[in-house]
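J.: I am sharing target.csv, which consists of CSV, C-alpha atoms and all ligand atoms:
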chain,number,residue,atom,x,y,z
E,1,MET,CA,190.8,-18.4,216.7
E,2,ALA,CA,191.1,-18.5,212.9
E,3,LEU,CA,191.9,-21.8,211.1
E,4,ARG,CA,195.3,-20.3,210.0
E,5,ASP,CA,196.2,-19.6,213.6
E,6,ILE,CA,195.1,-23.0,214.8
E,7,LEU,CA,197.3,-24.7,212.2
E,8,LEU,CA,200.3,-22.5,212.9
E,9,THR,CA,199.9,-23.3,216.6
E,10,LEU,CA,199.7,-27.0,215.8
E,11,SER,CA,202.8,-26.7,213.6
E,12,LYS,CA,204.8,-26.2,216.8
E,13,ASN,CA,203.3,-29.1,218.7
E,14,GLU,CA,206.2,-31.4,219.7
E,15,MET,CA,204.0,-34.4,220.6
E,16,MET,CA,202.4,-34.3,217.1
E,17,ASN,CA,205.8,-33.8,215.5
E,18,THR,CA,207.2,-36.9,217.3
E,19,ALA,CA,204.2,-39.0,216.3
E,20,ALA,CA,204.5,-37.8,212.7
E,21,GLN,CA,208.2,-38.8,212.5
E,22,LYS,CA,207.3,-42.3,213.8
E,23,TYR,CA,204.5,-43.0,211.2
E,24,GLY,CA,206.1,-41.7,208.0
E,25,LEU,CA,204.5,-39.4,205.5
E,26,ARG,CA,200.8,-39.1,206.3
E,27,LEU,CA,197.8,-36.7,205.9
E,28,GLY,CA,198.6,-36.1,202.3
E,29,ALA,CA,202.2,-34.9,203.0
E,30,GLN,CA,203.6,-37.3,200.4
E,31,SER,CA,202.5,-35.0,197.6
E,32,VAL,CA,204.5,-32.1,198.9
E,33,ILE,CA,207.5,-33.9,200.6
E,34,ALA,CA,210.1,-35.4,198.2
E,35,GLY,CA,210.6,-38.6,200.2
E,36,THR,CA,211.8,-39.5,203.6
E,37,ASN,CA,215.3,-40.6,202.6
E,38,LEU,CA,218.3,-39.5,200.4
E,39,GLU,CA,217.6,-42.0,197.6
E,40,GLU,CA,213.9,-40.9,197.1
E,41,MET,CA,215.0,-37.2,197.2
E,42,ILE,CA,217.8,-37.8,194.6
E,43,GLY,CA,215.3,-39.5,192.3
E,44,ASN,CA,212.9,-36.6,192.5
E,45,VAL,CA,215.6,-33.9,192.0
E,46,LYS,CA,216.7,-35.8,188.9
E,47,LYS,CA,213.2,-35.5,187.5
E,48,LEU,CA,213.1,-31.8,188.2
E,49,ASN,CA,216.5,-31.3,186.6
E,50,ALA,CA,215.4,-33.2,183.5
E,51,ALA,CA,212.6,-30.5,183.2
E,52,GLY,CA,215.2,-27.7,183.4
E,53,ILE,CA,214.5,-27.0,187.1
E,54,GLU,CA,217.1,-26.4,189.8
E,55,ALA,CA,216.4,-27.6,193.3
E,56,THR,CA,217.1,-26.1,196.7
E,57,ILE,CA,217.1,-29.0,199.1
E,58,ASP,CA,215.9,-28.9,202.7
E,59,HIS,CA,216.7,-31.9,204.8
E,60,LEU,CA,213.7,-31.2,207.1
E,61,GLY,CA,214.1,-30.3,210.7
E,62,GLU,CA,213.6,-27.2,212.9
E,63,PHE,CA,213.3,-26.0,216.5
E,64,VAL,CA,215.9,-28.5,217.7
E,65,TYR,CA,216.8,-28.1,221.4
E,66,ASP,CA,219.3,-30.9,221.8
E,67,GLU,CA,223.0,-30.6,220.8
E,68,ALA,CA,223.3,-34.2,219.6
E,69,ILE,CA,220.2,-33.9,217.3
E,70,ALA,CA,221.5,-30.6,215.9
E,71,SER,CA,225.0,-32.2,215.2
E,72,ARG,CA,223.3,-35.1,213.5
E,73,ALA,CA,221.2,-32.7,211.4
E,74,LYS,CA,224.5,-31.0,210.3
E,75,GLU,CA,226.0,-34.3,209.4
E,76,ASP,CA,222.9,-35.2,207.3
E,77,ILE,CA,223.2,-31.9,205.5
E,78,LEU,CA,226.9,-32.6,204.6
E,79,LYS,CA,225.6,-36.0,203.2
E,80,VAL,CA,223.2,-34.1,201.0
E,81,ILE,CA,226.0,-31.9,199.8
E,82,ASP,CA,228.0,-35.1,198.9
E,83,ALA,CA,225.0,-36.4,197.1
E,84,ILE,CA,224.6,-33.2,195.1
E,85,HIS,CA,228.2,-33.5,194.0
E,86,ALA,CA,228.3,-37.3,193.4
E,87,HIS,CA,225.1,-37.2,191.3
E,88,GLN,CA,226.0,-33.9,189.7
E,89,LEU,CA,222.6,-32.6,190.6
E,90,ASN,CA,221.6,-29.0,189.6
E,91,ALA,CA,220.9,-28.2,193.2
E,92,HIS,CA,221.9,-26.2,196.3
E,93,ILE,CA,221.1,-26.3,200.1
E,94,SER,CA,218.4,-24.6,202.2
E,95,VAL,CA,218.9,-24.8,205.9
E,96,LYS,CA,217.0,-23.5,208.9
E,97,PRO,CA,219.3,-22.2,211.6
E,98,SER,CA,217.1,-23.6,214.4
E,99,GLN,CA,217.8,-27.1,213.0
E,100,VAL,CA,221.5,-26.8,213.6
E,101,GLY,CA,221.4,-25.2,217.1
E,102,LEU,CA,220.2,-21.6,217.0
E,103,ASP,CA,217.9,-22.2,220.0
E,104,ILE,CA,220.7,-24.0,221.9
E,105,ASP,CA,223.6,-21.6,221.6
E,106,ILE,CA,224.4,-19.1,218.8
E,107,ASP,CA,228.2,-20.0,218.7
E,108,PHE,CA,227.4,-23.7,218.4
E,109,CYS,CA,224.9,-22.9,215.6
E,110,TYR,CA,227.4,-20.6,213.9
E,111,ASP,CA,230.1,-23.3,213.9
E,112,ASN,CA,227.6,-25.8,212.4
E,113,LEU,CA,226.6,-23.4,209.7
E,114,ARG,CA,230.2,-22.5,209.0
E,115,GLU,CA,231.1,-26.1,208.5
E,116,ILE,CA,228.1,-26.6,206.1
E,117,VAL,CA,228.9,-23.4,204.1
E,118,GLU,CA,232.7,-24.3,203.9
E,119,TYR,CA,231.9,-27.9,202.8
E,120,ALA,CA,229.5,-26.6,200.2
E,121,SER,CA,232.0,-23.9,199.1
E,122,ASP,CA,234.6,-26.6,198.2
E,123,TYR,CA,232.1,-28.0,195.7
E,124,GLY,CA,230.9,-24.6,194.5
E,125,ILE,CA,227.4,-25.2,196.0
E,126,PHE,CA,225.3,-22.3,197.4
E,127,VAL,CA,223.7,-22.4,200.9
E,128,ASN,CA,220.6,-20.5,201.7
E,129,LEU,CA,219.8,-19.7,205.3
E,130,ASP,CA,216.0,-20.0,205.5
E,131,MET,CA,214.3,-17.3,207.5
E,132,GLU,CA,212.2,-18.5,210.5
E,133,ASP,CA,210.1,-16.6,212.9
E,134,TYR,CA,210.9,-13.0,214.2
E,135,PRO,CA,212.9,-13.8,217.3
E,136,ARG,CA,215.3,-15.8,215.1
E,137,LEU,CA,215.7,-13.1,212.4
E,138,GLN,CA,218.4,-10.9,213.9
E,139,PRO,CA,220.7,-13.8,215.0
E,140,THR,CA,220.3,-15.3,211.5
E,141,LEU,CA,221.3,-12.0,209.9
E,142,ASP,CA,224.2,-11.6,212.3
E,143,MET,CA,225.5,-15.1,211.4
E,144,LEU,CA,225.0,-14.4,207.7
E,145,GLU,CA,227.2,-11.3,207.9
E,146,GLU,CA,229.9,-13.3,209.7
E,147,LEU,CA,229.8,-16.1,207.2
E,148,ASN,CA,229.9,-13.6,204.3
E,149,LYS,CA,233.2,-12.2,205.6
E,150,VAL,CA,234.8,-15.6,204.6
E,151,PHE,CA,232.5,-17.2,202.0
E,152,ASP,CA,230.6,-15.9,199.0
E,153,ASN,CA,228.2,-18.9,198.6
E,154,VAL,CA,225.7,-18.0,201.3
E,155,GLY,CA,222.5,-15.9,201.3
E,156,THR,CA,219.2,-15.7,203.0
E,157,VAL,CA,215.5,-14.8,202.8
E,158,ILE,CA,213.6,-11.5,203.2
E,159,GLN,CA,210.0,-11.7,204.4
E,160,ALA,CA,207.7,-9.1,203.0
E,161,TYR,CA,205.3,-9.2,205.9
E,162,LEU,CA,207.9,-7.6,208.2
E,163,LEU,CA,207.9,-3.9,208.7
E,164,ARG,CA,211.7,-3.8,208.8
E,165,SER,CA,212.3,-5.6,205.5
E,166,LYS,CA,212.9,-2.4,203.5
E,167,GLU,CA,215.9,-1.6,205.6
E,168,ASP,CA,217.2,-5.1,205.5
E,169,ILE,CA,216.9,-5.3,201.7
E,170,GLU,CA,219.0,-2.2,201.3
E,171,LYS,CA,221.6,-3.4,203.8
E,172,PHE,CA,221.8,-6.8,202.1
E,173,ALA,CA,221.7,-5.7,198.5
E,174,ASP,CA,225.1,-7.4,197.8
E,175,TYR,CA,223.7,-10.8,198.8
E,176,ARG,CA,221.8,-13.4,196.8
E,177,LEU,CA,218.3,-13.1,198.4
E,178,ARG,CA,215.1,-15.1,198.2
E,179,ILE,CA,212.1,-12.8,198.8
E,180,VAL,CA,208.9,-14.3,200.2
E,181,LYS,CA,205.7,-13.1,201.7
E,182,GLY,CA,206.4,-14.7,205.1
E,183,ALA,CA,205.1,-17.9,206.6
E,184,TYR,CA,204.9,-17.5,210.4
E,185,GLN,CA,202.5,-15.9,212.9
E,186,GLU,CA,203.8,-12.4,213.7
E,187,SER,CA,202.4,-9.6,215.8
E,188,GLU,CA,201.3,-6.2,214.4
E,189,GLU,CA,204.2,-4.6,216.2
E,190,VAL,CA,206.6,-6.2,213.7
E,191,ALA,CA,204.5,-7.3,210.7
E,192,TYR,CA,201.8,-6.2,208.3
E,193,GLN,CA,198.6,-8.1,208.9
E,194,ASP,CA,196.7,-7.1,205.8
E,195,LYS,CA,197.2,-9.2,202.7
E,196,LEU,CA,197.2,-6.2,200.4
E,197,ASP,CA,199.9,-4.4,202.5
E,198,ILE,CA,202.0,-7.6,202.3
E,199,ASP,CA,201.6,-7.9,198.6
E,200,ILE,CA,202.5,-4.2,198.0
E,201,ASN,CA,205.6,-4.5,200.1
E,202,PHE,CA,206.5,-7.8,198.4
E,203,LEU,CA,206.5,-6.2,195.0
E,204,GLU,CA,208.5,-3.2,196.2
E,205,LEU,CA,211.2,-5.4,197.8
E,206,ILE,CA,211.5,-7.6,194.7
E,207,GLU,CA,211.7,-4.6,192.4
E,208,TYR,CA,214.3,-3.0,194.6
E,209,HIS,CA,216.5,-6.1,194.7
E,210,LEU,CA,216.1,-6.6,190.9
E,211,LEU,CA,217.4,-3.1,190.3
E,212,HIS,CA,220.0,-2.9,193.0
E,213,GLY,CA,220.8,-6.4,194.3
E,214,LYS,CA,223.0,-9.3,193.4
E,215,PHE,CA,220.7,-12.1,192.5
E,216,THR,CA,216.9,-12.4,193.3
E,217,SER,CA,214.9,-15.5,193.9
E,218,VAL,CA,211.2,-14.5,193.6
E,219,ALA,CA,209.6,-17.2,195.8
E,220,THR,CA,205.8,-17.3,195.4
E,221,HIS,CA,202.9,-19.3,193.9
E,222,ASP,CA,201.0,-16.1,193.3
E,223,HIS,CA,200.5,-15.7,189.5
E,224,ASN,CA,199.6,-12.0,189.9
E,225,ILE,CA,203.0,-11.3,191.5
E,226,ILE,CA,204.8,-13.5,188.9
E,227,ASN,CA,203.1,-11.8,186.0
E,228,HIS,CA,203.9,-8.4,187.5
E,229,ILE,CA,207.6,-9.3,187.9
E,230,LYS,CA,207.8,-10.7,184.4
E,231,ARG,CA,206.6,-7.4,183.0
E,232,PHE,CA,208.8,-5.4,185.4
E,233,ALA,CA,211.9,-7.4,184.4
E,234,ALA,CA,211.1,-6.9,180.7
E,235,ASP,CA,210.4,-3.2,181.0
E,236,HIS,CA,213.7,-2.6,182.9
E,237,ASN,CA,215.8,-4.9,180.8
E,238,ILE,CA,216.7,-7.1,183.8
E,239,SER,CA,218.9,-10.0,182.5
E,240,HIS,CA,217.3,-13.5,183.0
E,241,GLU,CA,220.6,-14.4,184.6
E,242,LYS,CA,219.9,-12.0,187.5
E,243,PHE,CA,216.8,-13.6,188.9
E,244,GLU,CA,214.7,-16.8,189.1
E,245,PHE,CA,211.3,-17.9,190.2
E,246,GLN,CA,211.0,-20.4,193.0
E,247,MET,CA,208.1,-22.5,194.2
E,248,LEU,CA,207.7,-25.3,196.7
E,249,TYR,CA,207.8,-29.0,195.7
E,250,GLY,CA,204.4,-30.3,194.7
E,251,PHE,CA,202.7,-26.9,194.3
E,252,ARG,CA,201.5,-25.7,190.9
E,253,SER,CA,203.8,-28.2,189.2
E,254,ASP,CA,202.5,-27.4,185.7
E,255,LEU,CA,203.2,-23.7,186.1
E,256,GLN,CA,206.7,-24.6,187.5
E,257,LYS,CA,207.5,-26.4,184.2
E,258,GLU,CA,206.0,-23.7,182.1
E,259,LEU,CA,208.0,-20.9,183.8
E,260,ALA,CA,211.2,-23.1,183.6
E,261,LYS,CA,211.0,-22.9,179.7
E,262,GLU,CA,211.5,-19.2,179.8
E,263,TYR,CA,213.2,-18.3,183.1
E,264,LYS,CA,215.6,-19.7,185.6
E,265,PHE,CA,213.4,-21.8,187.9
E,266,CYS,CA,214.2,-23.4,191.2
E,267,THR,CA,212.0,-25.8,193.3
E,268,TYR,CA,212.3,-25.9,197.1
E,269,VAL,CA,212.6,-29.7,197.8
E,270,PRO,CA,211.9,-30.7,201.4
E,271,PHE,CA,212.6,-34.3,202.4
E,272,GLY,CA,213.2,-36.4,205.5
E,273,LYS,CA,211.3,-37.7,208.5
E,274,ASP,CA,210.8,-34.4,210.2
E,275,TRP,CA,208.1,-33.1,207.8
E,276,TYR,CA,205.3,-32.2,210.3
E,277,GLY,CA,206.0,-28.5,211.1
E,278,TYR,CA,206.8,-27.6,207.4
E,279,TYR,CA,203.6,-29.4,206.3
E,280,MET,CA,201.3,-27.7,208.8
E,281,ARG,CA,202.6,-24.3,207.7
E,282,ARG,CA,201.7,-25.2,204.1
E,283,LEU,CA,198.1,-26.1,205.3
E,284,ALA,CA,197.8,-22.8,207.1
E,285,GLU,CA,198.8,-20.8,204.0
E,286,ARG,CA,196.0,-22.0,201.8
E,287,PRO,CA,192.6,-23.6,202.8
E,288,GLN,CA,192.5,-25.4,199.4
E,289,ASN,CA,195.5,-27.4,200.6
E,290,ILE,CA,193.3,-28.9,203.2
E,291,ASN,CA,190.8,-30.0,200.6
E,292,LEU,CA,193.6,-31.7,198.8
E,293,VAL,CA,194.6,-33.6,202.0
E,294,THR,CA,191.0,-34.5,202.8
E,295,LYS,CA,190.6,-36.0,199.3
E,296,GLN,CA,193.8,-38.1,199.7
E,297,VAL,CA,193.0,-39.3,203.2
E,298,PHE,CA,189.5,-40.4,202.2
E,299,ASN,CA,190.5,-41.9,198.9
E,300,LYS,CA,192.7,-44.5,200.8
V,1,LIG,P1,199.7,-16.9,198.7
V,1,LIG,O1,199.6,-15.6,199.3
V,1,LIG,O2,199.6,-18.1,199.5
V,1,LIG,O3,198.6,-17.0,197.5
V,1,LIG,C1,198.3,-15.9,196.7
V,1,LIG,C2,197.4,-16.4,195.5
V,1,LIG,O4,198.2,-17.2,194.7
V,1,LIG,C3,196.3,-17.3,196.0
V,1,LIG,O5,195.2,-16.5,196.3
V,1,LIG,C4,196.0,-18.0,194.7
V,1,LIG,O6,195.3,-17.2,193.7
V,1,LIG,C5,197.4,-18.3,194.2
V,1,LIG,N1,197.9,-19.5,194.6
V,1,LIG,C6,198.7,-19.7,195.7
V,1,LIG,N2,199.0,-21.0,195.8
V,1,LIG,C7,198.4,-21.7,194.9
V,1,LIG,C8,198.3,-23.1,194.5
V,1,LIG,N3,198.9,-24.0,195.2
V,1,LIG,N4,197.5,-23.4,193.4
V,1,LIG,C9,196.9,-22.4,192.7
V,1,LIG,N5,196.9,-21.1,193.0
V,1,LIG,C10,197.7,-20.7,194.1
V,1,LIG,N6,208.6,-18.3,204.3
V,1,LIG,C11,209.4,-17.9,205.3
V,1,LIG,O7,208.9,-17.3,206.2
V,1,LIG,N7,210.7,-18.2,205.3
V,1,LIG,C12,211.3,-18.9,204.2
V,1,LIG,O8,212.5,-19.1,204.3
V,1,LIG,C13,210.5,-19.3,203.1
V,1,LIG,N8,211.0,-19.9,202.1
V,1,LIG,C14,210.2,-20.2,201.0
V,1,LIG,C15,210.7,-20.8,199.8
V,1,LIG,C16,209.9,-20.9,198.7
V,1,LIG,C17,210.5,-21.5,197.4
V,1,LIG,C18,208.6,-20.6,198.7
V,1,LIG,C19,207.7,-20.7,197.5
V,1,LIG,C20,208.0,-20.0,199.9
V,1,LIG,C21,208.8,-19.9,201.0
V,1,LIG,N9,208.2,-19.4,202.2
V,1,LIG,C22,209.1,-19.0,203.2
V,1,LIG,C23,206.8,-19.3,202.3
V,1,LIG,C24,206.2,-17.9,202.0
V,1,LIG,O9,206.6,-17.0,202.9
V,1,LIG,C25,204.7,-17.9,201.9
V,1,LIG,O10,204.1,-18.3,203.1
V,1,LIG,C26,204.1,-18.9,200.9
V,1,LIG,O11,204.9,-19.0,199.7
V,1,LIG,C27,202.6,-18.6,200.5
V,1,LIG,O12,202.6,-17.3,199.8
V,1,LIG,P2,202.5,-17.2,198.2
V,1,LIG,O13,203.3,-16.0,197.9
V,1,LIG,O14,203.0,-18.5,197.6
V,1,LIG,O15,201.0,-16.9,197.8
Mind converting the file's structure to structure tokens?
Ligand code: FAD

T.:
Amino acid sequence: MALRDILLTLSKNEMMNTAAQKYGLRLGAQSVIAGTNLEEMIGNVKKLNAAGIEATIDHLGEFVYDEAIASRAKEDILKVIDAIHAHQLNAHISVKPSQVGLDIDIDFCYDNLREIVEYASDYGIFVNLDMEDYPRLQPTLDMLEELNKVFDNVGTVIQAYLLRSKEDIEKFADYRLRIVKGAYQESEEVAYQDKLDIDINFLELIEYHLLHGKFTSVATHDHNIINHIKRFAADHNISHEKFEFQMLYGFRSDLQKELAKEYKFCTYVPFGKDWYGYYMRRLAERPQNINLVTKQVFNK
């Protein structure tokens, strides 16, 4: 089993997740998680805003199988929306449907999402439905379409590793979309396995949405992709108002600040006690991230 697969399998380990919640930020997670509570997160978002960077805030949590926990997660997200408004943060919300009940009951999940989107809509705040693994894709898109009938402040994510993404990007051209390579372990029946194939598809999807779509969030730490898109946008006279670059909190922070001087830029800001699954996926993405962790653990 490759290291990436081991880490992705571990990311779904419930016992490890429970232990992680109990002991607070560990294993180097503090460099990529913006705190475990609202106050810490607000302080970190203010710092990003001061550098001209917007934030998309993820109150961490996923794969919830208990209604009470999902309802509490929804309430916590409403508090984040209140905080964005009260502190006049330049920020919006990212939410994982499985955190608010997708694995319990789709109607229950939809009601929770609807409440979040409606609450955010009253403040003019955007809500992004993060895209999770393949079995959760179609239900997420179905809920998005339902929400979009009533609200215009909701969008989602297109994953370039999926074979079906070309069709999805055409269908959802009128939506604000974040385009990513894709973070989960998917089979060859549904996803490209080769890095080059994923990169080619990634560029094609971004270019398509830049030319035909509403608003594009180019979410990557890959400087080759970023440089390509900068050139593409200039060559096709794409307005800087129609797209932004996005990166995750704590990754390539200098590059984030540099890009923010010229382009719209948004940092994905995860915070909260439920950091384990998110963090393990980041380790799986890049072996260098493990070196970073090892250094922090042994420097203590
Ligand atoms: P990679 O393919 O990891 O790296 C490509 C190259 O970029 C590397 O070889 C290296 O040269 C350079 N590079 C990458 N990282 C670094 C670094 N830290 N320092 C220096 N060089 C580096 N996935 C989902 O499935 N669903 C989502 O909803 C989702 N939301 C996301 C939101 C944001 C804002 C971001 C940034 C990612 C999101 N992802 C999501 C994760 C995404 O799918 C990828 O798994 C993740 O971004 C890694 O791919 P990459 O494009 O950043 O580059």

J.: How many Å lie between atom CA of E:Ile84 and atom CA of E:Ile104, rounded to one decimal?

T.: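 Going from atom CA of E:Ile84 over to atom CA of E:Ile104, I get 28.6 Å.
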
J.: Any idea what the distance is between atom CA of E:Thr9 and atom CA of E:Gln246?

T.: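 One can read the atom CA of E:Thr9 to atom CA of E:Gln246 distance as 26.2 Å.
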
J.: Between atom CA of E:Leu259 and atom CA of E:Ala29, what is the distance, to one decimal in Å?

T.: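 Computed distance, atom CA of E:Leu259 to atom CA of E:Ala29, equals 24.5 Å.
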
J.: Residues near stretch 73-76 of chain E, anyone? I mean within 9 Å using all atoms listed in the file, not counting same-chain ones fewer than 2 positions away, as JSON, numbers by chain.

T.: {"E": [59, 60, 61, 68, 69, 70, 71, 78, 79, 80, 81, 99, 100, 112, 113, 115, 116]}

J.: To check your reading of the model: which residues sit at most 9 Å from ligand LIG 1 (chain V) when counting only C-alpha atoms and all ligand atoms? Write the answer as a PyMOL selection string.

T.: chain E and resi 56+94-96+128-133+156-161+178-184+195+198-199+202+217-225+245-253+266-269+281-282+284-286+288-289

J.: Counting all atoms listed in the file, which residues of stretch 174-280 of chain E fall within 12 Å of stretch 135-141 of chain E, and what is the closest atom pair for each with its distance in Å at one decimal, ordered by chain and rising number, as a tab-separated table?

T.:
residue	atom	partner	partner_atom	distance
E:Tyr175	CA	E:Leu141	CA	11.4
E:Leu177	CA	E:Leu141	CA	11.9
E:Gly182	CA	E:Leu137	CA	11.9
E:Tyr184	CA	E:Pro135	CA	11.2
E:Gln185	CA	E:Pro135	CA	11.5
E:Glu186	CA	E:Pro135	CA	9.9
E:Ser187	CA	E:Pro135	CA	11.4
E:Val190	CA	E:Pro135	CA	10.5

J.: Suppose we keep C-alpha atoms; can you now write the selection as an mmCIF file, in the coordinates of the input?

T.:
data_model
loop_
_atom_site.group_PDB
_atom_site.id
_atom_site.type_symbol
_atom_site.label_atom_id
_atom_site.label_comp_id
_atom_site.auth_asym_id
_atom_site.auth_seq_id
_atom_site.Cartn_x
_atom_site.Cartn_y
_atom_site.Cartn_z
ATOM 1 C CA TYR E 175 223.700 -10.800 198.800
ATOM 2 C CA LEU E 177 218.300 -13.100 198.400
ATOM 3 C CA GLY E 182 206.400 -14.700 205.100
ATOM 4 C CA TYR E 184 204.900 -17.500 210.400
ATOM 5 C CA GLN E 185 202.500 -15.900 212.900
ATOM 6 C CA GLU E 186 203.800 -12.400 213.700
ATOM 7 C CA SER E 187 202.400 -9.600 215.800
ATOM 8 C CA VAL E 190 206.600 -6.200 213.700
#

J.: Write out as a ChimeraX atom specification each polymer residue whose atoms come within 10 Å of E:Ile106, counting all atoms listed in the file; drop sequence neighbours fewer than 3 positions from it.

T.: /E:97-98,100-103,109-112,139-140,142-143

J.: Would you mind exporting the chosen residues as a short mmCIF file (atom, residue, chain, number, x, y, z; two decimals), keeping the file's coordinate frame, restricted to C-alpha atoms?

T.:
data_model
loop_
_atom_site.label_atom_id
_atom_site.label_comp_id
_atom_site.auth_asym_id
_atom_site.auth_seq_id
_atom_site.Cartn_x
_atom_site.Cartn_y
_atom_site.Cartn_z
CA PRO E 97 219.30 -22.20 211.60
CA SER E 98 217.10 -23.60 214.40
CA VAL E 100 221.50 -26.80 213.60
CA GLY E 101 221.40 -25.20 217.10
CA LEU E 102 220.20 -21.60 217.00
CA ASP E 103 217.90 -22.20 220.00
CA CYS E 109 224.90 -22.90 215.60
CA TYR E 110 227.40 -20.60 213.90
CA ASP E 111 230.10 -23.30 213.90
CA ASN E 112 227.60 -25.80 212.40
CA PRO E 139 220.70 -13.80 215.00
CA THR E 140 220.30 -15.30 211.50
CA ASP E 142 224.20 -11.60 212.30
CA MET E 143 225.50 -15.10 211.40
#
